[in-house]
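This is my_file.txt. It holds compact mmCIF, N, CA and C atoms.
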```txt
# COMPACT_ATOMS: atom_id res chain seq x y z
N MET A 1 10.43 -0.70 0.59
CA MET A 1 11.79 -1.18 0.59
C MET A 1 12.43 -0.82 1.92
N VAL A 2 13.17 -1.77 2.48
CA VAL A 2 13.91 -1.53 3.71
C VAL A 2 15.38 -1.82 3.45
N VAL A 3 16.24 -0.86 3.80
CA VAL A 3 17.69 -1.02 3.69
C VAL A 3 18.25 -0.94 5.11
N GLU A 4 18.67 -2.08 5.63
CA GLU A 4 19.10 -2.19 7.03
C GLU A 4 20.07 -3.35 7.15
N ASP A 5 21.24 -3.11 7.74
CA ASP A 5 22.23 -4.17 7.86
C ASP A 5 22.04 -5.03 9.11
N ASP A 6 21.33 -4.54 10.10
CA ASP A 6 21.08 -5.30 11.32
C ASP A 6 19.90 -6.25 11.08
N VAL A 7 20.17 -7.55 11.08
CA VAL A 7 19.16 -8.54 10.71
C VAL A 7 17.92 -8.49 11.61
N PRO A 8 18.05 -8.43 12.94
CA PRO A 8 16.83 -8.33 13.76
C PRO A 8 15.99 -7.09 13.43
N SER A 9 16.64 -5.96 13.19
CA SER A 9 15.91 -4.75 12.82
C SER A 9 15.24 -4.92 11.47
N LEU A 10 15.94 -5.51 10.53
CA LEU A 10 15.38 -5.76 9.20
C LEU A 10 14.13 -6.62 9.30
N ARG A 11 14.19 -7.67 10.08
CA ARG A 11 13.03 -8.56 10.27
C ARG A 11 11.88 -7.82 10.96
N TYR A 12 12.22 -6.99 11.92
CA TYR A 12 11.21 -6.21 12.64
C TYR A 12 10.44 -5.31 11.66
N TYR A 13 11.17 -4.54 10.86
CA TYR A 13 10.51 -3.65 9.90
C TYR A 13 9.73 -4.46 8.87
N GLU A 14 10.30 -5.56 8.42
CA GLU A 14 9.61 -6.41 7.45
C GLU A 14 8.29 -6.90 8.00
N THR A 15 8.30 -7.39 9.24
CA THR A 15 7.08 -7.91 9.86
C THR A 15 6.02 -6.82 9.96
N LEU A 16 6.41 -5.64 10.40
CA LEU A 16 5.45 -4.54 10.54
C LEU A 16 4.87 -4.14 9.19
N ILE A 17 5.72 -4.01 8.21
CA ILE A 17 5.25 -3.56 6.89
C ILE A 17 4.37 -4.63 6.25
N GLN A 18 4.78 -5.88 6.35
CA GLN A 18 3.97 -6.95 5.77
C GLN A 18 2.61 -7.06 6.46
N SER A 19 2.57 -6.77 7.76
CA SER A 19 1.29 -6.84 8.47
C SER A 19 0.31 -5.79 7.95
N SER A 20 0.82 -4.77 7.29
CA SER A 20 -0.04 -3.74 6.71
C SER A 20 -0.54 -4.14 5.32
N GLY A 21 -0.05 -5.25 4.82
CA GLY A 21 -0.45 -5.71 3.50
C GLY A 21 0.50 -5.33 2.39
N ALA A 22 1.54 -4.62 2.72
CA ALA A 22 2.51 -4.19 1.70
C ALA A 22 3.58 -5.25 1.50
N LYS A 23 4.16 -5.24 0.31
CA LYS A 23 5.29 -6.12 0.01
C LYS A 23 6.57 -5.40 0.39
N VAL A 24 7.58 -6.19 0.78
CA VAL A 24 8.83 -5.60 1.24
C VAL A 24 10.01 -6.15 0.45
N VAL A 25 10.81 -5.25 -0.08
CA VAL A 25 12.10 -5.61 -0.66
C VAL A 25 13.12 -5.30 0.43
N LYS A 26 13.95 -6.29 0.77
CA LYS A 26 14.94 -6.12 1.84
C LYS A 26 16.34 -6.09 1.25
N LEU A 27 17.11 -5.09 1.65
CA LEU A 27 18.49 -4.98 1.22
C LEU A 27 19.34 -4.69 2.45
N ARG A 28 20.60 -5.17 2.43
CA ARG A 28 21.43 -5.05 3.63
C ARG A 28 22.60 -4.08 3.49
N THR A 29 22.91 -3.64 2.29
CA THR A 29 24.03 -2.70 2.13
C THR A 29 23.63 -1.56 1.20
N GLY A 30 24.38 -0.48 1.31
CA GLY A 30 24.15 0.63 0.40
C GLY A 30 24.43 0.26 -1.05
N LYS A 31 25.42 -0.58 -1.27
CA LYS A 31 25.73 -1.03 -2.63
C LYS A 31 24.56 -1.82 -3.21
N ASP A 32 23.97 -2.71 -2.40
CA ASP A 32 22.80 -3.46 -2.86
C ASP A 32 21.68 -2.50 -3.27
N PHE A 33 21.49 -1.45 -2.49
CA PHE A 33 20.46 -0.46 -2.78
C PHE A 33 20.73 0.25 -4.10
N VAL A 34 21.95 0.73 -4.27
CA VAL A 34 22.31 1.44 -5.50
C VAL A 34 22.16 0.52 -6.71
N ASP A 35 22.59 -0.73 -6.57
CA ASP A 35 22.44 -1.69 -7.67
C ASP A 35 20.96 -1.92 -7.98
N TYR A 36 20.15 -2.04 -6.96
CA TYR A 36 18.72 -2.30 -7.15
C TYR A 36 18.03 -1.12 -7.85
N ILE A 37 18.29 0.08 -7.39
CA ILE A 37 17.60 1.23 -7.98
C ILE A 37 18.10 1.56 -9.37
N SER A 38 19.28 1.07 -9.73
CA SER A 38 19.81 1.35 -11.07
C SER A 38 19.07 0.55 -12.14
N ARG A 39 18.35 -0.46 -11.72
CA ARG A 39 17.53 -1.21 -12.68
C ARG A 39 16.28 -0.40 -13.00
N ASN A 40 16.02 -0.23 -14.27
CA ASN A 40 14.89 0.59 -14.70
C ASN A 40 13.55 0.06 -14.25
N ASP A 41 13.44 -1.25 -14.04
CA ASP A 41 12.16 -1.84 -13.70
C ASP A 41 11.89 -1.87 -12.19
N ALA A 42 12.76 -1.29 -11.42
CA ALA A 42 12.62 -1.33 -9.96
C ALA A 42 11.45 -0.46 -9.51
N LYS A 43 10.37 -1.09 -9.08
CA LYS A 43 9.19 -0.37 -8.59
C LYS A 43 9.35 -0.16 -7.09
N ILE A 44 9.33 1.09 -6.67
CA ILE A 44 9.52 1.44 -5.27
C ILE A 44 8.48 2.49 -4.90
N ASP A 45 7.76 2.25 -3.80
CA ASP A 45 6.78 3.22 -3.31
C ASP A 45 7.30 4.02 -2.12
N LEU A 46 8.24 3.43 -1.37
CA LEU A 46 8.73 4.03 -0.14
C LEU A 46 10.05 3.37 0.23
N VAL A 47 10.98 4.15 0.77
CA VAL A 47 12.26 3.61 1.22
C VAL A 47 12.43 3.91 2.70
N ILE A 48 12.68 2.86 3.48
CA ILE A 48 13.07 3.00 4.88
C ILE A 48 14.53 2.59 4.93
N MET A 49 15.39 3.52 5.34
CA MET A 49 16.82 3.27 5.26
C MET A 49 17.53 3.63 6.56
N ASP A 50 18.43 2.75 6.97
CA ASP A 50 19.26 3.03 8.12
C ASP A 50 20.32 4.06 7.72
N PHE A 51 20.70 4.90 8.65
CA PHE A 51 21.71 5.93 8.41
C PHE A 51 23.07 5.31 8.13
N LEU A 52 23.45 4.35 8.95
CA LEU A 52 24.78 3.76 8.86
C LEU A 52 24.68 2.32 8.34
N ILE A 53 24.82 2.17 7.03
CA ILE A 53 24.79 0.86 6.39
C ILE A 53 26.13 0.64 5.68
N PRO A 54 26.52 -0.61 5.49
CA PRO A 54 27.84 -0.89 4.89
C PRO A 54 27.96 -0.45 3.42
N LEU A 55 29.17 -0.18 3.05
CA LEU A 55 29.63 0.10 1.68
C LEU A 55 29.26 1.49 1.18
N ILE A 56 28.01 1.86 1.25
CA ILE A 56 27.58 3.22 0.92
C ILE A 56 26.58 3.62 2.00
N ASN A 57 26.85 4.69 2.73
CA ASN A 57 25.96 5.04 3.84
C ASN A 57 24.60 5.55 3.36
N GLY A 58 23.67 5.67 4.30
CA GLY A 58 22.31 6.07 3.97
C GLY A 58 22.21 7.46 3.36
N ILE A 59 23.06 8.37 3.79
CA ILE A 59 23.05 9.73 3.24
C ILE A 59 23.45 9.70 1.77
N ASP A 60 24.54 9.01 1.46
CA ASP A 60 24.99 8.94 0.06
C ASP A 60 24.00 8.17 -0.80
N CYS A 61 23.41 7.12 -0.25
CA CYS A 61 22.38 6.38 -0.99
C CYS A 61 21.20 7.29 -1.34
N THR A 62 20.81 8.12 -0.40
CA THR A 62 19.69 9.04 -0.64
C THR A 62 20.04 10.05 -1.72
N LYS A 63 21.25 10.57 -1.68
CA LYS A 63 21.69 11.52 -2.71
C LYS A 63 21.63 10.88 -4.10
N ILE A 64 22.12 9.66 -4.20
CA ILE A 64 22.10 8.94 -5.48
C ILE A 64 20.66 8.70 -5.92
N PHE A 65 19.83 8.26 -5.00
CA PHE A 65 18.42 7.98 -5.28
C PHE A 65 17.70 9.23 -5.77
N ARG A 66 17.97 10.36 -5.15
CA ARG A 66 17.28 11.60 -5.48
C ARG A 66 17.65 12.15 -6.86
N LYS A 67 18.75 11.71 -7.43
CA LYS A 67 19.11 12.17 -8.77
C LYS A 67 18.06 11.74 -9.79
N GLU A 68 17.46 10.59 -9.59
CA GLU A 68 16.49 10.05 -10.54
C GLU A 68 15.06 10.01 -10.01
N ARG A 69 14.92 9.81 -8.72
CA ARG A 69 13.59 9.59 -8.14
C ARG A 69 13.35 10.60 -7.02
N LYS A 70 12.75 11.69 -7.42
CA LYS A 70 12.59 12.80 -6.49
C LYS A 70 11.33 12.72 -5.64
N SER A 71 10.32 12.02 -6.10
CA SER A 71 9.04 12.05 -5.39
C SER A 71 8.79 10.85 -4.46
N ILE A 72 9.64 9.85 -4.48
CA ILE A 72 9.44 8.67 -3.63
C ILE A 72 9.97 8.98 -2.23
N PRO A 73 9.15 8.78 -1.21
CA PRO A 73 9.57 9.11 0.16
C PRO A 73 10.74 8.26 0.64
N VAL A 74 11.67 8.92 1.32
CA VAL A 74 12.81 8.24 1.96
C VAL A 74 12.74 8.56 3.45
N LEU A 75 12.63 7.52 4.26
CA LEU A 75 12.56 7.66 5.71
C LEU A 75 13.87 7.16 6.29
N MET A 76 14.64 8.04 6.89
CA MET A 76 15.93 7.69 7.47
C MET A 76 15.72 7.29 8.93
N ILE A 77 16.18 6.09 9.27
CA ILE A 77 16.08 5.59 10.63
C ILE A 77 17.49 5.49 11.19
N THR A 78 17.67 5.99 12.41
CA THR A 78 19.02 6.08 12.95
C THR A 78 19.05 6.13 14.47
N ALA A 79 20.20 5.82 15.00
CA ALA A 79 20.45 6.00 16.43
C ALA A 79 21.18 7.32 16.68
N TYR A 80 21.54 8.02 15.61
CA TYR A 80 22.28 9.28 15.73
C TYR A 80 21.32 10.44 15.96
N SER A 81 21.46 11.08 17.10
CA SER A 81 20.54 12.17 17.43
C SER A 81 21.14 13.56 17.21
N SER A 82 22.31 13.63 16.60
CA SER A 82 22.94 14.94 16.42
C SER A 82 22.17 15.78 15.40
N GLU A 83 22.17 17.06 15.64
CA GLU A 83 21.51 17.98 14.71
C GLU A 83 22.20 17.96 13.35
N GLN A 84 23.52 17.75 13.33
CA GLN A 84 24.25 17.70 12.06
C GLN A 84 23.81 16.50 11.22
N SER A 85 23.67 15.34 11.86
CA SER A 85 23.21 14.14 11.14
C SER A 85 21.82 14.35 10.57
N LYS A 86 20.97 14.96 11.37
CA LYS A 86 19.60 15.24 10.93
C LYS A 86 19.62 16.21 9.75
N ALA A 87 20.41 17.26 9.85
CA ALA A 87 20.52 18.23 8.76
C ALA A 87 21.05 17.56 7.50
N ASP A 88 22.07 16.72 7.65
CA ASP A 88 22.63 16.01 6.50
C ASP A 88 21.58 15.15 5.81
N ALA A 89 20.74 14.50 6.60
CA ALA A 89 19.70 13.64 6.04
C ALA A 89 18.70 14.46 5.23
N PHE A 90 18.25 15.57 5.77
CA PHE A 90 17.29 16.39 5.05
C PHE A 90 17.91 17.05 3.82
N ILE A 91 19.15 17.47 3.92
CA ILE A 91 19.83 18.05 2.76
C ILE A 91 19.97 17.01 1.65
N ALA A 92 20.21 15.76 2.02
CA ALA A 92 20.34 14.68 1.04
C ALA A 92 19.01 14.38 0.35
N GLY A 93 17.90 14.72 1.01
CA GLY A 93 16.60 14.50 0.40
C GLY A 93 15.66 13.60 1.16
N CYS A 94 15.98 13.29 2.40
CA CYS A 94 15.09 12.44 3.21
C CYS A 94 13.82 13.20 3.56
N ASN A 95 12.72 12.48 3.65
CA ASN A 95 11.45 13.07 4.05
C ASN A 95 11.26 13.05 5.56
N GLU A 96 11.85 12.06 6.22
CA GLU A 96 11.71 11.91 7.67
C GLU A 96 13.06 11.48 8.24
N TYR A 97 13.27 11.84 9.49
CA TYR A 97 14.46 11.44 10.24
C TYR A 97 13.95 10.87 11.56
N ILE A 98 14.03 9.56 11.72
CA ILE A 98 13.39 8.86 12.83
C ILE A 98 14.46 8.23 13.72
N LEU A 99 14.39 8.56 15.00
CA LEU A 99 15.34 8.00 15.95
C LEU A 99 14.90 6.62 16.44
N LYS A 100 15.88 5.73 16.57
CA LYS A 100 15.63 4.41 17.14
C LYS A 100 15.51 4.55 18.66
N PRO A 101 14.72 3.73 19.31
CA PRO A 101 13.94 2.62 18.76
C PRO A 101 12.69 3.14 18.05
N VAL A 102 12.28 2.42 17.03
CA VAL A 102 11.10 2.79 16.25
C VAL A 102 9.96 1.86 16.65
N TYR A 103 8.91 2.44 17.15
CA TYR A 103 7.77 1.66 17.64
C TYR A 103 6.78 1.39 16.50
N PRO A 104 6.02 0.31 16.61
CA PRO A 104 5.09 -0.05 15.53
C PRO A 104 4.16 1.09 15.13
N GLU A 105 3.62 1.81 16.09
CA GLU A 105 2.69 2.90 15.77
C GLU A 105 3.35 3.95 14.88
N ALA A 106 4.62 4.21 15.11
CA ALA A 106 5.34 5.19 14.28
C ALA A 106 5.45 4.69 12.84
N ILE A 107 5.77 3.42 12.68
CA ILE A 107 5.86 2.84 11.33
C ILE A 107 4.51 2.92 10.63
N PHE A 108 3.44 2.50 11.34
CA PHE A 108 2.11 2.51 10.72
C PHE A 108 1.68 3.93 10.35
N SER A 109 1.97 4.89 11.20
CA SER A 109 1.62 6.29 10.90
C SER A 109 2.36 6.79 9.66
N LEU A 110 3.63 6.44 9.56
CA LEU A 110 4.41 6.86 8.39
C LEU A 110 3.95 6.16 7.12
N LEU A 111 3.61 4.89 7.22
CA LEU A 111 3.08 4.18 6.05
C LEU A 111 1.78 4.82 5.59
N GLU A 112 0.91 5.15 6.53
CA GLU A 112 -0.34 5.82 6.17
C GLU A 112 -0.08 7.18 5.53
N LYS A 113 0.82 7.92 6.11
CA LYS A 113 1.13 9.26 5.61
C LYS A 113 1.66 9.23 4.18
N TYR A 114 2.58 8.33 3.91
CA TYR A 114 3.25 8.35 2.62
C TYR A 114 2.65 7.41 1.58
N LEU A 115 1.96 6.38 2.01
CA LEU A 115 1.35 5.47 1.05
C LEU A 115 -0.13 5.75 0.86
N LYS A 116 -0.65 6.68 1.65
CA LYS A 116 -2.04 7.14 1.52
C LYS A 116 -3.04 5.99 1.60
N GLN A 117 -2.87 5.11 2.57
CA GLN A 117 -3.84 4.04 2.77
C GLN A 117 -4.06 3.82 4.25
N ASP A 118 -5.20 3.26 4.59
CA ASP A 118 -5.58 3.04 5.98
C ASP A 118 -4.92 1.77 6.50
N ILE A 119 -3.72 1.91 7.00
CA ILE A 119 -2.93 0.78 7.49
C ILE A 119 -3.54 0.20 8.76
N ARG A 120 -3.99 1.05 9.66
CA ARG A 120 -4.49 0.57 10.95
C ARG A 120 -5.66 -0.39 10.79
N ALA A 121 -6.55 -0.12 9.87
CA ALA A 121 -7.69 -1.01 9.66
C ALA A 121 -7.20 -2.39 9.22
N THR A 122 -6.24 -2.42 8.33
CA THR A 122 -5.68 -3.70 7.87
C THR A 122 -5.01 -4.44 9.01
N VAL A 123 -4.19 -3.74 9.77
CA VAL A 123 -3.47 -4.37 10.88
C VAL A 123 -4.43 -4.84 11.95
N ASN A 124 -5.42 -4.03 12.30
CA ASN A 124 -6.39 -4.42 13.33
C ASN A 124 -7.18 -5.65 12.92
N ASN A 125 -7.44 -5.81 11.65
CA ASN A 125 -8.17 -6.99 11.17
C ASN A 125 -7.34 -8.26 11.28
N LEU A 126 -6.03 -8.12 11.36
CA LEU A 126 -5.16 -9.29 11.47
C LEU A 126 -5.12 -9.85 12.88
N PHE A 127 -5.43 -9.02 13.87
CA PHE A 127 -5.27 -9.46 15.27
C PHE A 127 -6.58 -9.62 15.96
```

Spell out the structure here as structure tokens.
Amino acid sequence: MVVEDDVPSLRYYETLIQSSGAKVVKLRTGKDFVDYISRNDAKIDLVIMDFLIPLINGIDCTKIFRKERKSIPVLMITAYSSEQSKADAFIAGCNEYILKPVYPEAIFSLLEKYLKQDIRATVNNLF
């Protein structure tokens, strides 16, 4: 799942994740995310979330998410490099705090780390 309000960034993450063979649920606001996760049937393996998204920010979304789903990885992506923002993300329950720009290799490494599959082999076979 990717939660990102910037359309070019959303497409970028979607393309990278899909190239690994994974399916992507795309959401553009924190409210959309909270609504989606409130459905009991929502299957989620990993969340990539922007720090600053409309309506409910990434930190608050993570806090809400962690009330029910403690073991699903949350990767916070942001342009904010302050130590306070980073601390807030980890306190909220994020597994990673990644500064933009995010390069493909970083995404693939994180997908491998948290989804426990060989992403590089899949991606290399596509090109």

Could I get the residues of stretch 1-55 of chain A with an atom no further than 12 Å from an atom of stretch 94-99 of chain A, each paired with its nearest atom pair and that distance in Å to one decimal, using only C-alpha atoms, sorted by chain and residue number, as a Markdown table?
```
| residue | atom | partner | partner_atom | distance |
| --- | --- | --- | --- | --- |
| A:Leu46 | CA | A:Asn95 | CA | 10.3 |
| A:Val47 | CA | A:Cys94 | CA | 9.5 |
| A:Ile48 | CA | A:Glu96 | CA | 9.4 |
| A:Met49 | CA | A:Cys94 | CA | 9.6 |
| A:Asp50 | CA | A:Ile98 | CA | 9.5 |
| A:Phe51 | CA | A:Tyr97 | CA | 9.3 |
```

Item to check | Contact residues around stretch 33-40 of chain A with only N, CA and C atoms at 8 Å, ignoring same-chain residues under 6 positions, as a list in words | outcome: Val3, Lys26, Leu27, Cys61, Ile64 and Phe65 of chain A

With 8 Å of padding per side, what axis-aligned box (centre and edge lengths, Å, one decimal) covers all the listed atoms of stretch 88-94 of chain A? Give it as AutoDock Vina command-line options.
```
--center_x 18.2 --center_y 15.2 --center_z 4.0 --size_x 24.8 --size_y 21.6 --size_z 23.3
```

Applying 9 Å and only C-alpha atoms, which residues near A:Ile107 remain after dropping the ones on its own chain fewer than 3 positions away? List them as a compact mmCIF listing (two decimals) with N, CA and C atoms, keeping the file's coordinate frame.
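Contents of result-v5.txt, freshly written:
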```
# COMPACT_ATOMS: atom_id res chain seq x y z
N TYR A 13 11.17 -4.54 10.86
CA TYR A 13 10.51 -3.65 9.90
C TYR A 13 9.73 -4.46 8.87
N LEU A 16 6.41 -5.64 10.40
CA LEU A 16 5.45 -4.54 10.54
C LEU A 16 4.87 -4.14 9.19
N ILE A 17 5.72 -4.01 8.21
CA ILE A 17 5.25 -3.56 6.89
C ILE A 17 4.37 -4.63 6.25
N VAL A 102 12.28 2.42 17.03
CA VAL A 102 11.10 2.79 16.25
C VAL A 102 9.96 1.86 16.65
N TYR A 103 8.91 2.44 17.15
CA TYR A 103 7.77 1.66 17.64
C TYR A 103 6.78 1.39 16.50
N PRO A 104 6.02 0.31 16.61
CA PRO A 104 5.09 -0.05 15.53
C PRO A 104 4.16 1.09 15.13
N LEU A 110 3.63 6.44 9.56
CA LEU A 110 4.41 6.86 8.39
C LEU A 110 3.95 6.16 7.12
N LEU A 111 3.61 4.89 7.22
CA LEU A 111 3.08 4.18 6.05
C LEU A 111 1.78 4.82 5.59
N GLU A 112 0.91 5.15 6.53
CA GLU A 112 -0.34 5.82 6.17
C GLU A 112 -0.08 7.18 5.53
```

Next on the checklist: Just the number, please: distance in Å from atom CA of A:Asp41 to atom CA of A:Asp88, one decimal.
Outcome noted: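 The value is 28.9 Å.
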
Next on the checklist: DSSP on the backbone, alpha helix (DSSP H) only: what residues of chain A does that give? Format it as an MDAnalysis selection string.
Outcome noted: chainID A and resid 7:19 30:37 58:68 83:92 104:115 119:126

As a JSON list (two decimals) with N, CA and C atoms, in the frame of the given file, which residues of stretch 5-96 of chain A does DSSP assign to strand (DSSP E or B)?
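Wrote it out as part-v1.json, contents follow:
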```json
[["chain", "number", "residue", "atom", "x", "y", "z"],
["A", 26, "LYS", "N", 13.95, -6.29, 0.77],
["A", 26, "LYS", "CA", 14.94, -6.12, 1.84],
["A", 26, "LYS", "C", 16.34, -6.09, 1.25],
["A", 27, "LEU", "N", 17.11, -5.09, 1.65],
["A", 27, "LEU", "CA", 18.49, -4.98, 1.22],
["A", 27, "LEU", "C", 19.34, -4.69, 2.45],
["A", 47, "VAL", "N", 10.98, 4.15, 0.77],
["A", 47, "VAL", "CA", 12.26, 3.61, 1.22],
["A", 47, "VAL", "C", 12.43, 3.91, 2.70],
["A", 48, "ILE", "N", 12.68, 2.86, 3.48],
["A", 48, "ILE", "CA", 13.07, 3.00, 4.88],
["A", 48, "ILE", "C", 14.53, 2.59, 4.93],
["A", 49, "MET", "N", 15.39, 3.52, 5.34],
["A", 49, "MET", "CA", 16.82, 3.27, 5.26],
["A", 49, "MET", "C", 17.53, 3.63, 6.56],
["A", 50, "ASP", "N", 18.43, 2.75, 6.97],
["A", 50, "ASP", "CA", 19.26, 3.03, 8.12],
["A", 50, "ASP", "C", 20.32, 4.06, 7.72],
["A", 74, "VAL", "N", 11.67, 8.92, 1.32],
["A", 74, "VAL", "CA", 12.81, 8.24, 1.96],
["A", 74, "VAL", "C", 12.74, 8.56, 3.45],
["A", 75, "LEU", "N", 12.63, 7.52, 4.26],
["A", 75, "LEU", "CA", 12.56, 7.66, 5.71],
["A", 75, "LEU", "C", 13.87, 7.16, 6.29],
["A", 76, "MET", "N", 14.64, 8.04, 6.89],
["A", 76, "MET", "CA", 15.93, 7.69, 7.47],
["A", 76, "MET", "C", 15.72, 7.29, 8.93],
["A", 77, "ILE", "N", 16.18, 6.09, 9.27],
["A", 77, "ILE", "CA", 16.08, 5.59, 10.63],
["A", 77, "ILE", "C", 17.49, 5.49, 11.19],
["A", 78, "THR", "N", 17.67, 5.99, 12.41],
["A", 78, "THR", "CA", 19.02, 6.08, 12.95],
["A", 78, "THR", "C", 19.05, 6.13, 14.47],
["A", 96, "GLU", "N", 11.85, 12.06, 6.22],
["A", 96, "GLU", "CA", 11.71, 11.91, 7.67],
["A", 96, "GLU", "C", 13.06, 11.48, 8.24]]
```

Next on the checklist: Every residue with an atom at most 12 Å from (19.0, -6.2, 12.9) (file coordinates; only C-alpha atoms) is what I'm after, so could you write them as a ChimeraX atom specification?
Outcome noted: /A:2-14,26-28,50,53,100-101

Checklist entry - In Å, how far is it from atom C of A:Lys23 to atom C of A:Met1? => result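 These two atoms are separated by 7.6 Å.
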
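The space between atom CA of A:Val25 and atom CA of A:Gly93 spans 20.6 Å.
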
Next on the checklist: Can you tell me which residues surround A:Lys63 at a distance of at most 12 Å, considering only C-alpha atoms, apart from same-chain residues fewer than 5 positions away, and format the answer as a count of residues only?
Outcome noted: 16

Checklist outcome for this item: Among A:Lys116, A:Asp32, A:Val24, A:Ile59, A:Ala87 is approached most closely, using only C-alpha atoms, by A:Ile59

Checklist entry - If you count all atoms listed in the file, which residues fall within 8 Å of A:Tyr114, apart from same-chain ones fewer than 6 positions away, as a list of chain:residue names? => result A:Asp45, A:Leu46, A:Pro73, A:Phe108
